[in-house]
file work08.cif (mmCIF, C-alpha atoms)
data_protein
#
loop_
_atom_site.group_PDB
_atom_site.id
_atom_site.type_symbol
_atom_site.label_atom_id
_atom_site.label_comp_id
_atom_site.auth_asym_id
_atom_site.auth_seq_id
_atom_site.Cartn_x
_atom_site.Cartn_y
_atom_site.Cartn_z
ATOM 1 C CA MET A 1406 33.902 -16.808 -5.335
ATOM 2 C CA ILE A 1407 33.061 -13.271 -4.150
ATOM 3 C CA ASN A 1408 33.970 -11.839 -7.558
ATOM 4 C CA TYR A 1409 31.594 -14.309 -9.179
ATOM 5 C CA LEU A 1410 28.745 -13.131 -6.913
ATOM 6 C CA ILE A 1411 29.426 -9.503 -7.839
ATOM 7 C CA ASN A 1412 30.247 -10.010 -11.518
ATOM 8 C CA PRO A 1413 29.229 -13.339 -13.054
ATOM 9 C CA PHE A 1414 28.963 -11.718 -16.486
ATOM 10 C CA TYR A 1415 32.471 -12.613 -17.583
ATOM 11 C CA ARG A 1416 31.281 -16.229 -17.650
ATOM 12 C CA ILE A 1417 27.536 -15.902 -18.080
ATOM 13 C CA ALA A 1418 26.276 -13.552 -20.789
ATOM 14 C CA GLY A 1419 24.084 -13.430 -23.855
ATOM 15 C CA LEU A 1420 21.457 -16.123 -24.250
ATOM 16 C CA LYS A 1421 22.697 -18.078 -21.217
ATOM 17 C CA SER A 1422 22.218 -15.104 -18.871
ATOM 18 C CA PHE A 1423 18.846 -14.427 -20.468
ATOM 19 C CA LEU A 1424 17.598 -17.995 -19.933
ATOM 20 C CA LEU A 1425 18.935 -18.262 -16.364
ATOM 21 C CA GLY A 1426 17.610 -14.790 -15.584
ATOM 22 C CA PHE A 1427 14.193 -15.578 -17.028
ATOM 23 C CA LEU A 1428 13.971 -18.702 -14.877
ATOM 24 C CA GLY A 1429 14.941 -16.533 -11.898
ATOM 25 C CA LEU A 1430 12.273 -13.990 -12.849
ATOM 26 C CA LEU A 1431 9.590 -16.687 -12.942
ATOM 27 C CA ILE A 1432 10.654 -17.976 -9.529
ATOM 28 C CA LEU A 1433 10.851 -14.419 -8.144
ATOM 29 C CA SER A 1434 7.368 -13.653 -9.479
ATOM 30 C CA PHE A 1435 5.956 -16.846 -7.960
ATOM 31 C CA VAL A 1436 7.605 -16.288 -4.559
ATOM 32 C CA SER A 1437 6.475 -12.646 -4.599
ATOM 33 C CA PHE A 1438 2.910 -13.761 -5.360
ATOM 34 C CA LYS A 1439 2.887 -16.437 -2.646
ATOM 35 C CA THR A 1440 4.240 -14.047 0.004
ATOM 36 C CA GLY A 1441 2.470 -10.857 -1.088
ATOM 37 C CA THR A 1442 5.721 -9.008 -1.770
ATOM 38 C CA HIS A 1443 5.323 -6.228 -4.330
ATOM 39 C CA PHE A 1444 8.349 -4.669 -6.018
ATOM 40 C CA TYR A 1445 7.707 -1.283 -7.578
ATOM 41 C CA GLY A 1446 11.059 -1.032 -9.296
ATOM 42 C CA LEU A 1447 14.153 -1.254 -7.114
ATOM 43 C CA SER A 1448 13.223 1.706 -4.954
ATOM 44 C CA ASN A 1449 10.094 0.373 -3.261
ATOM 45 C CA ILE A 1450 8.878 -2.834 -1.695
ATOM 46 C CA ASP A 1451 5.444 -3.446 -0.205
ATOM 47 C CA PHE A 1452 3.839 -6.375 1.591
ATOM 48 C CA VAL A 1453 0.212 -6.906 0.640
ATOM 49 C CA LYS A 1454 -1.451 -10.074 -0.645
ATOM 50 C CA ASP A 1455 -3.885 -8.199 -2.841
ATOM 51 C CA SER A 1456 -3.122 -9.167 -6.419
ATOM 52 C CA ASP A 1457 -2.953 -12.070 -8.810
ATOM 53 C CA PHE A 1458 0.181 -13.694 -10.205
ATOM 54 C CA ILE A 1459 0.005 -11.597 -13.387
ATOM 55 C CA THR A 1460 0.360 -8.352 -11.404
ATOM 56 C CA TYR A 1461 3.464 -9.567 -9.569
ATOM 57 C CA SER A 1462 4.955 -10.787 -12.852
ATOM 58 C CA LEU A 1463 4.235 -7.487 -14.601
ATOM 59 C CA GLU A 1464 5.981 -5.571 -11.805
ATOM 60 C CA HIS A 1465 9.169 -7.566 -12.358
ATOM 61 C CA LEU A 1466 8.903 -7.587 -16.146
ATOM 62 C CA THR A 1467 8.353 -3.834 -16.292
ATOM 63 C CA SER A 1468 11.334 -3.028 -14.087
ATOM 64 C CA TRP A 1469 13.595 -5.379 -16.047
ATOM 65 C CA ILE A 1470 12.510 -4.206 -19.495
ATOM 66 C CA MET A 1471 12.723 -0.492 -18.628
ATOM 67 C CA PHE A 1472 16.289 -0.737 -17.375
ATOM 68 C CA ALA A 1473 17.517 -3.094 -20.102
ATOM 69 C CA ALA A 1474 15.990 -1.012 -22.902
ATOM 70 C CA LEU A 1475 17.359 2.265 -21.548
ATOM 71 C CA ALA A 1476 20.799 0.750 -20.951
ATOM 72 C CA TYR A 1477 20.851 -0.545 -24.509
ATOM 73 C CA LEU A 1478 19.750 2.798 -25.968
ATOM 74 C CA LEU A 1479 22.334 4.714 -23.947
ATOM 75 C CA SER A 1480 25.029 2.328 -25.127
ATOM 76 C CA LEU A 1481 24.023 2.736 -28.752
ATOM 77 C CA PHE A 1482 24.663 6.459 -28.436
ATOM 78 C CA LEU A 1483 27.703 6.412 -26.152
ATOM 79 C CA SER A 1484 29.707 3.309 -26.979
ATOM 80 C CA SER A 1485 32.082 3.111 -29.900
ATOM 81 C CA SER A 1486 31.859 -0.695 -29.712
ATOM 82 C CA LYS A 1487 29.210 -2.866 -31.250
ATOM 83 C CA VAL A 1488 26.655 -3.736 -28.563
ATOM 84 C CA ARG A 1489 24.233 -6.656 -28.544
ATOM 85 C CA LEU A 1490 20.630 -6.357 -27.359
ATOM 86 C CA ILE A 1491 20.666 -9.876 -25.857
ATOM 87 C CA ASP A 1492 23.572 -8.930 -23.572
ATOM 88 C CA PHE A 1493 21.659 -6.036 -22.013
ATOM 89 C CA PHE A 1494 18.428 -7.950 -21.570
ATOM 90 C CA GLY A 1495 20.223 -11.064 -20.295
ATOM 91 C CA THR A 1496 22.494 -9.368 -17.770
ATOM 92 C CA ALA A 1497 19.728 -7.081 -16.490
ATOM 93 C CA LEU A 1498 17.483 -10.106 -16.025
ATOM 94 C CA LEU A 1499 20.106 -12.175 -14.244
ATOM 95 C CA ALA A 1500 20.983 -9.206 -12.014
ATOM 96 C CA ARG A 1501 17.478 -9.263 -10.482
ATOM 97 C CA ILE A 1502 17.889 -12.689 -8.873
ATOM 98 C CA PRO A 1503 19.120 -11.369 -5.458
ATOM 99 C CA LEU A 1504 15.731 -9.689 -5.005
ATOM 100 C CA ILE A 1505 14.298 -13.129 -4.213
ATOM 101 C CA ILE A 1506 15.907 -13.091 -0.753
ATOM 102 C CA SER A 1507 13.319 -10.802 0.916
ATOM 103 C CA PRO A 1508 10.226 -12.699 -0.217
ATOM 104 C CA ILE A 1509 11.843 -16.007 0.783
ATOM 105 C CA PHE A 1510 12.115 -14.722 4.360
ATOM 106 C CA ARG A 1511 8.380 -14.080 4.245
ATOM 107 C CA PHE A 1512 7.772 -17.846 4.258
ATOM 108 C CA ILE A 1513 9.001 -17.892 7.885
ATOM 109 C CA PRO A 1514 5.866 -17.605 10.077
ATOM 110 C CA SER A 1515 7.056 -14.627 12.162
ATOM 111 C CA PHE A 1516 7.781 -12.656 8.960
ATOM 112 C CA GLN A 1517 4.498 -13.412 7.178
ATOM 113 C CA SER A 1518 2.637 -10.694 9.025
ATOM 114 C CA PHE A 1519 4.262 -8.123 11.227
ATOM 115 C CA VAL A 1520 3.552 -4.919 13.101
ATOM 116 C CA PHE A 1521 4.726 -1.572 11.753
ATOM 117 C CA GLN A 1522 8.095 -0.584 13.292
ATOM 118 C CA SER A 1523 8.722 -4.076 14.630
ATOM 119 C CA PHE A 1524 11.942 -6.075 14.552
ATOM 120 C CA GLU A 1525 10.497 -8.212 11.764
ATOM 121 C CA MET A 1526 9.716 -5.175 9.598
ATOM 122 C CA TYR A 1527 13.174 -3.668 10.074
ATOM 123 C CA PHE A 1528 14.814 -7.022 9.417
ATOM 124 C CA ILE A 1529 12.936 -7.584 6.139
ATOM 125 C CA VAL A 1530 13.628 -4.012 5.026
ATOM 126 C CA GLY A 1531 17.313 -4.455 5.903
ATOM 127 C CA VAL A 1532 17.470 -7.674 3.903
ATOM 128 C CA TYR A 1533 15.728 -5.904 1.025
ATOM 129 C CA ILE A 1534 18.197 -3.002 1.087
ATOM 130 C CA LEU A 1535 21.141 -5.417 0.974
ATOM 131 C CA SER A 1536 19.602 -7.420 -1.876
ATOM 132 C CA ALA A 1537 18.789 -4.195 -3.772
ATOM 133 C CA ILE A 1538 22.398 -3.023 -3.365
ATOM 134 C CA TRP A 1539 23.580 -6.396 -4.656
ATOM 135 C CA THR A 1540 21.178 -6.105 -7.594
ATOM 136 C CA VAL A 1541 22.391 -2.588 -8.461
ATOM 137 C CA SER A 1542 25.986 -3.834 -8.283
ATOM 138 C CA LEU A 1543 25.122 -6.655 -10.683
ATOM 139 C CA LEU A 1544 23.248 -4.249 -12.975
ATOM 140 C CA PHE A 1545 26.284 -1.973 -13.059
ATOM 141 C CA ASN A 1546 28.696 -4.798 -13.855
ATOM 142 C CA GLY A 1547 26.376 -6.190 -16.517
ATOM 143 C CA TYR A 1548 26.037 -2.728 -18.042
ATOM 144 C CA LYS A 1549 29.800 -2.200 -17.931
ATOM 145 C CA ILE A 1550 30.516 -5.436 -19.789
ATOM 146 C CA SER A 1551 27.621 -5.134 -22.246
ATOM 147 C CA SER A 1552 28.264 -1.494 -23.150
ATOM 148 C CA ASN A 1553 32.087 -1.489 -23.165
ATOM 149 C CA LEU A 1554 31.919 1.991 -21.649
ATOM 150 C CA LYS A 1555 34.530 3.275 -19.213
ATOM 151 C CA ASN A 1556 35.116 6.004 -16.656
ATOM 152 C CA ASN A 1557 32.682 8.937 -16.494
ATOM 153 C CA ARG A 1558 30.625 7.840 -19.495
ATOM 154 C CA LEU A 1559 29.995 4.506 -17.797
ATOM 155 C CA ILE A 1560 29.131 5.892 -14.372
ATOM 156 C CA VAL A 1561 27.018 8.850 -15.488
ATOM 157 C CA SER A 1562 25.083 6.904 -18.120
ATOM 158 C CA PHE A 1563 24.426 4.065 -15.659
ATOM 159 C CA ILE A 1564 23.068 6.447 -13.031
ATOM 160 C CA ILE A 1565 20.924 8.284 -15.593
ATOM 161 C CA GLY A 1566 19.609 4.991 -16.985
ATOM 162 C CA LEU A 1567 18.828 3.623 -13.520
ATOM 163 C CA VAL A 1568 17.037 6.770 -12.342
ATOM 164 C CA ILE A 1569 14.997 7.186 -15.529
ATOM 165 C CA SER A 1570 14.109 3.484 -15.584
ATOM 166 C CA GLU A 1571 12.911 3.707 -11.963
ATOM 167 C CA ILE A 1572 10.690 6.674 -12.805
ATOM 168 C CA LEU A 1573 9.285 5.013 -15.930
ATOM 169 C CA THR A 1574 8.803 1.741 -14.044
ATOM 170 C CA ARG A 1575 6.787 3.415 -11.289
ATOM 171 C CA ILE A 1576 4.616 5.253 -13.832
ATOM 172 C CA SER A 1577 4.119 2.105 -15.925
ATOM 173 C CA ILE A 1578 3.250 -0.092 -12.948
ATOM 174 C CA HIS A 1579 0.746 2.492 -11.761
ATOM 175 C CA LEU A 1580 -0.891 2.582 -15.197
ATOM 176 C CA ILE A 1581 -0.861 -1.199 -15.505
ATOM 177 C CA THR A 1582 -2.483 -1.743 -12.102
ATOM 178 C CA LEU A 1583 -5.188 0.806 -12.937
ATOM 179 C CA ASN A 1584 -6.162 -1.293 -15.942
ATOM 180 C CA ILE A 1585 -6.092 -4.696 -14.242
#
call {"tool": "encode", "arguments": {"input": "work08.cif", "output": "structure tokens"}}
result
Amino acid sequence: MINYLINPFYRIAGLKSFLLGFLGLLILSFVSFKTGTHFYGLSNIDFVKDSDFITYSLEHLTSWIMFAALAYLLSLFLSSSKVRLIDFFGTALLARIPLIISPIFRFIPSFQSFVFQSFEMYFIVGVYILSAIWTVSLLFNGYKISSNLKNNRLIVSFIIGLVISEILTRISIHLITLNI
């Protein structure tokens, strides 16, 4: 069971992971909107009910698309195997589902609004860090299976793809929110 939570991509890939992941993304966007939980990539979370549903959806879509596209491009250059676009977009989408845990906690009254440096703030941030680690683990395993890369090529290209996608996501979200 634990292996399935860390790497479901041996059983769920391609169109199936895309469809399940897209459903998860819609739910994550809705829960984020209802609780005022902004995700600016994987590296930043913020709690402000200041935007419409479209903004929350665009934050998640941007982060997903940036990573999936970069992972696919890196694999095209580095992998000797044939790689499929749907595998990268599906696994990257499905990997984002653990991020829903933090906004779900925000439905609990004591976590809806909290004081800076309070127990509630540290708890939510701790939950977010754990869910982000889980998401990165899923992203890595999805990338590993989709790219067929191994050893240093796998690790280095994953790290480069993740870092560049985070930078591009933050820039893109900033530009998008300026125009909304």
call {"tool": "closest_residue", "arguments": {"input": "work08.cif", "among": "A:Leu1428, A:Leu1580, A:Ile1450, A:Leu1479", "to": "Met1526 (chain A)", "atoms": "all atoms listed in the file"}}
result
A:Ile1450
call {"tool": "closest_residue", "arguments": {"input": "work08.cif", "among": "A:Phe1519, A:Phe1528, A:Val1541, A:Ile1505", "to": "Val1568 (chain A)", "atoms": "only C-alpha atoms"}}
result
A:Val1541
call {"tool": "resolve_selection", "arguments": {"input": "work08.cif", "expression": "the PyMOL selection byres ((chain A and resi 1570) around 10)", "output": "CSV table (one decimal) with C-alpha atoms, in the coordinates of the input"}}
result
chain,number,residue,atom,x,y,z
A,1446,GLY,CA,11.1,-1.0,-9.3
A,1447,LEU,CA,14.2,-1.3,-7.1
A,1467,THR,CA,8.4,-3.8,-16.3
A,1468,SER,CA,11.3,-3.0,-14.1
A,1469,TRP,CA,13.6,-5.4,-16.0
A,1470,ILE,CA,12.5,-4.2,-19.5
A,1471,MET,CA,12.7,-0.5,-18.6
A,1472,PHE,CA,16.3,-0.7,-17.4
A,1473,ALA,CA,17.5,-3.1,-20.1
A,1474,ALA,CA,16.0,-1.0,-22.9
A,1475,LEU,CA,17.4,2.3,-21.5
A,1476,ALA,CA,20.8,0.8,-21.0
A,1564,ILE,CA,23.1,6.4,-13.0
A,1565,ILE,CA,20.9,8.3,-15.6
A,1566,GLY,CA,19.6,5.0,-17.0
A,1567,LEU,CA,18.8,3.6,-13.5
A,1568,VAL,CA,17.0,6.8,-12.3
A,1569,ILE,CA,15.0,7.2,-15.5
A,1571,GLU,CA,12.9,3.7,-12.0
A,1572,ILE,CA,10.7,6.7,-12.8
A,1573,LEU,CA,9.3,5.0,-15.9
A,1574,THR,CA,8.8,1.7,-14.0
A,1575,ARG,CA,6.8,3.4,-11.3
A,1576,ILE,CA,4.6,5.3,-13.8
call {"tool": "resolve_selection", "arguments": {"input": "work08.cif", "expression": "the PyMOL selection byres ((chain A and resi 1413) around 12)", "output": "number ranges by chain"}}
result
A: 1406-1412, 1414-1419, 1421-1422, 1425-1426, 1495-1497, 1499-1500, 1542-1547, 1550
call {"tool": "write_last_selection", "arguments": {"input": "work08.cif", "atoms": "C-alpha atoms", "output": "PDB file, in the frame of the given file"}}
result
ATOM      1  CA  MET A1406      33.902 -16.808  -5.335  1.00  0.00           C
ATOM      2  CA  ILE A1407      33.061 -13.271  -4.150  1.00  0.00           C
ATOM      3  CA  ASN A1408      33.970 -11.839  -7.558  1.00  0.00           C
ATOM      4  CA  TYR A1409      31.594 -14.309  -9.179  1.00  0.00           C
ATOM      5  CA  LEU A1410      28.745 -13.131  -6.913  1.00  0.00           C
ATOM      6  CA  ILE A1411      29.426  -9.503  -7.839  1.00  0.00           C
ATOM      7  CA  ASN A1412      30.247 -10.010 -11.518  1.00  0.00           C
ATOM      8  CA  PHE A1414      28.963 -11.718 -16.486  1.00  0.00           C
ATOM      9  CA  TYR A1415      32.471 -12.613 -17.583  1.00  0.00           C
ATOM     10  CA  ARG A1416      31.281 -16.229 -17.650  1.00  0.00           C
ATOM     11  CA  ILE A1417      27.536 -15.902 -18.080  1.00  0.00           C
ATOM     12  CA  ALA A1418      26.276 -13.552 -20.789  1.00  0.00           C
ATOM     13  CA  GLY A1419      24.084 -13.430 -23.855  1.00  0.00           C
ATOM     14  CA  LYS A1421      22.697 -18.078 -21.217  1.00  0.00           C
ATOM     15  CA  SER A1422      22.218 -15.104 -18.871  1.00  0.00           C
ATOM     16  CA  LEU A1425      18.935 -18.262 -16.364  1.00  0.00           C
ATOM     17  CA  GLY A1426      17.610 -14.790 -15.584  1.00  0.00           C
ATOM     18  CA  GLY A1495      20.223 -11.064 -20.295  1.00  0.00           C
ATOM     19  CA  THR A1496      22.494  -9.368 -17.770  1.00  0.00           C
ATOM     20  CA  ALA A1497      19.728  -7.081 -16.490  1.00  0.00           C
ATOM     21  CA  LEU A1499      20.106 -12.175 -14.244  1.00  0.00           C
ATOM     22  CA  ALA A1500      20.983  -9.206 -12.014  1.00  0.00           C
ATOM     23  CA  SER A1542      25.986  -3.834  -8.283  1.00  0.00           C
ATOM     24  CA  LEU A1543      25.122  -6.655 -10.683  1.00  0.00           C
ATOM     25  CA  LEU A1544      23.248  -4.249 -12.975  1.00  0.00           C
ATOM     26  CA  PHE A1545      26.284  -1.973 -13.059  1.00  0.00           C
ATOM     27  CA  ASN A1546      28.696  -4.798 -13.855  1.00  0.00           C
ATOM     28  CA  GLY A1547      26.376  -6.190 -16.517  1.00  0.00           C
ATOM     29  CA  ILE A1550      30.516  -5.436 -19.789  1.00  0.00           C
TER      30      ILE A1550
END
call {"tool": "atom_distance", "arguments": {"input": "work08.cif", "atom1": "CA of Ser1484 (chain A)", "atom2": "CA of Thr1540 (chain A)"}}
result
23.2 Å
call {"tool": "resolve_selection", "arguments": {"input": "work08.cif", "expression": "the PyMOL selection byres ((chain A and resi 1511) around 10)", "output": "NGL selection string"}}
result
:A and (1436-1437 or 1439-1442 or 1452 or 1506-1510 or 1512-1518 or 1525 or 1529)
call {"tool": "closest_residue", "arguments": {"input": "work08.cif", "among": "A:Ser1434, A:Ser1552, A:Thr1460, A:Thr1582", "to": "Phe1494 (chain A)", "atoms": "only C-alpha atoms"}}
result
A:Ser1552
call {"tool": "atom_distance", "arguments": {"input": "work08.cif", "atom1": "CA of Leu1554 (chain A)", "atom2": "CA of Leu1478 (chain A)"}}
result
12.9 Å
call {"tool": "closest_residue", "arguments": {"input": "work08.cif", "among": "A:Asn1449, A:Asp1455, A:Ser1485, A:Ser1551", "to": "Ile1534 (chain A)", "atoms": "all atoms listed in the file"}}
result
A:Asn1449
call {"tool": "atom_distance", "arguments": {"input": "work08.cif", "atom1": "CA of Leu1431 (chain A)", "atom2": "CA of Tyr1445 (chain A)"}}
result
16.4 Å
call {"tool": "closest_residue", "arguments": {"input": "work08.cif", "among": "A:Ile1491, A:Leu1424, A:Leu1463, A:Leu1504", "to": "Leu1535 (chain A)", "atoms": "all atoms listed in the file"}}
result
A:Leu1504
call {"tool": "closest_residue", "arguments": {"input": "work08.cif", "among": "A:Val1488, A:Leu1430, A:Tyr1548, A:Ser1523", "to": "Arg1501 (chain A)", "atoms": "all atoms listed in the file"}}
result
A:Leu1430
call {"tool": "axis_aligned_box", "arguments": {"input": "work08.cif", "around": "region 1481-1497 of chain A", "padding_each_side": "3 Å", "output": "JSON"}}
result
{"center_x": 25.3, "center_y": -2.3, "center_z": -23.9, "size_x": 19.7, "size_y": 23.5, "size_z": 20.8}
call {"tool": "build_atoms", "arguments": {"input": "work08.cif", "residues": "region 1450-1485 of chain A", "atoms": "N, CA and C atoms", "output": "tab-separated table (two decimals), in the coordinates of the input"}}
result
chain	number	residue	atom	x	y	z
A	1450	ILE	N	9.38	-1.49	-1.96
A	1450	ILE	CA	8.88	-2.83	-1.70
A	1450	ILE	C	7.66	-2.67	-0.79
A	1451	ASP	N	6.68	-3.53	-0.99
A	1451	ASP	CA	5.44	-3.45	-0.20
A	1451	ASP	C	4.97	-4.86	0.07
A	1452	PHE	N	4.28	-5.04	1.18
A	1452	PHE	CA	3.84	-6.38	1.59
A	1452	PHE	C	2.33	-6.42	1.72
A	1453	VAL	N	1.67	-6.81	0.64
A	1453	VAL	CA	0.21	-6.91	0.64
A	1453	VAL	C	-0.19	-8.04	-0.30
A	1454	LYS	N	-0.95	-8.97	0.20
A	1454	LYS	CA	-1.45	-10.07	-0.64
A	1454	LYS	C	-2.77	-9.64	-1.26
A	1455	ASP	N	-2.67	-8.80	-2.28
A	1455	ASP	CA	-3.88	-8.20	-2.84
A	1455	ASP	C	-4.03	-8.36	-4.35
A	1456	SER	N	-3.13	-9.11	-4.96
A	1456	SER	CA	-3.12	-9.17	-6.42
A	1456	SER	C	-2.94	-10.60	-6.90
A	1457	ASP	N	-3.15	-10.75	-8.21
A	1457	ASP	CA	-2.95	-12.07	-8.81
A	1457	ASP	C	-1.51	-12.20	-9.31
A	1458	PHE	N	-1.18	-13.39	-9.75
A	1458	PHE	CA	0.18	-13.69	-10.20
A	1458	PHE	C	0.61	-12.78	-11.35
A	1459	ILE	N	-0.30	-12.46	-12.23
A	1459	ILE	CA	0.00	-11.60	-13.39
A	1459	ILE	C	0.54	-10.24	-12.92
A	1460	THR	N	-0.07	-9.66	-11.90
A	1460	THR	CA	0.36	-8.35	-11.40
A	1460	THR	C	1.79	-8.41	-10.89
A	1461	TYR	N	2.10	-9.43	-10.09
A	1461	TYR	CA	3.46	-9.57	-9.57
A	1461	TYR	C	4.46	-9.77	-10.72
A	1462	SER	N	4.09	-10.55	-11.69
A	1462	SER	CA	4.96	-10.79	-12.85
A	1462	SER	C	5.18	-9.50	-13.65
A	1463	LEU	N	4.12	-8.74	-13.85
A	1463	LEU	CA	4.24	-7.49	-14.60
A	1463	LEU	C	5.13	-6.48	-13.88
A	1464	GLU	N	5.09	-6.47	-12.55
A	1464	GLU	CA	5.98	-5.57	-11.80
A	1464	GLU	C	7.43	-5.88	-12.12
A	1465	HIS	N	7.78	-7.17	-12.09
A	1465	HIS	CA	9.17	-7.57	-12.36
A	1465	HIS	C	9.54	-7.38	-13.83
A	1466	LEU	N	8.64	-7.75	-14.71
A	1466	LEU	CA	8.90	-7.59	-16.15
A	1466	LEU	C	9.10	-6.12	-16.52
A	1467	THR	N	8.26	-5.26	-15.98
A	1467	THR	CA	8.35	-3.83	-16.29
A	1467	THR	C	9.69	-3.25	-15.84
A	1468	SER	N	10.07	-3.55	-14.62
A	1468	SER	CA	11.33	-3.03	-14.09
A	1468	SER	C	12.52	-3.52	-14.91
A	1469	TRP	N	12.50	-4.80	-15.25
A	1469	TRP	CA	13.60	-5.38	-16.05
A	1469	TRP	C	13.66	-4.76	-17.44
A	1470	ILE	N	12.53	-4.70	-18.12
A	1470	ILE	CA	12.51	-4.21	-19.50
A	1470	ILE	C	12.89	-2.72	-19.56
A	1471	MET	N	12.40	-1.93	-18.63
A	1471	MET	CA	12.72	-0.49	-18.63
A	1471	MET	C	14.23	-0.27	-18.52
A	1472	PHE	N	14.85	-0.95	-17.54
A	1472	PHE	CA	16.29	-0.74	-17.38
A	1472	PHE	C	17.07	-1.27	-18.58
A	1473	ALA	N	16.77	-2.49	-19.00
A	1473	ALA	CA	17.52	-3.09	-20.10
A	1473	ALA	C	17.40	-2.27	-21.38
A	1474	ALA	N	16.20	-1.80	-21.68
A	1474	ALA	CA	15.99	-1.01	-22.90
A	1474	ALA	C	16.74	0.32	-22.83
A	1475	LEU	N	16.65	0.99	-21.69
A	1475	LEU	CA	17.36	2.26	-21.55
A	1475	LEU	C	18.88	2.07	-21.58
A	1476	ALA	N	19.36	1.03	-20.93
A	1476	ALA	CA	20.80	0.75	-20.95
A	1476	ALA	C	21.28	0.49	-22.38
A	1477	TYR	N	20.50	-0.26	-23.12
A	1477	TYR	CA	20.85	-0.55	-24.51
A	1477	TYR	C	20.86	0.74	-25.35
A	1478	LEU	N	19.82	1.55	-25.20
A	1478	LEU	CA	19.75	2.80	-25.97
A	1478	LEU	C	20.90	3.74	-25.62
A	1479	LEU	N	21.20	3.86	-24.35
A	1479	LEU	CA	22.33	4.71	-23.95
A	1479	LEU	C	23.64	4.21	-24.56
A	1480	SER	N	23.81	2.90	-24.57
A	1480	SER	CA	25.03	2.33	-25.13
A	1480	SER	C	25.13	2.53	-26.63
A	1481	LEU	N	24.01	2.48	-27.31
A	1481	LEU	CA	24.02	2.74	-28.75
A	1481	LEU	C	24.57	4.12	-29.06
A	1482	PHE	N	24.22	5.08	-28.21
A	1482	PHE	CA	24.66	6.46	-28.44
A	1482	PHE	C	26.07	6.73	-27.90
A	1483	LEU	N	26.46	6.06	-26.83
A	1483	LEU	CA	27.70	6.41	-26.15
A	1483	LEU	C	28.88	5.50	-26.43
A	1484	SER	N	28.61	4.27	-26.80
A	1484	SER	CA	29.71	3.31	-26.98
A	1484	SER	C	30.20	3.30	-28.42
A	1485	SER	N	31.51	3.22	-28.55
A	1485	SER	CA	32.08	3.11	-29.90
A	1485	SER	C	32.14	1.64	-30.34
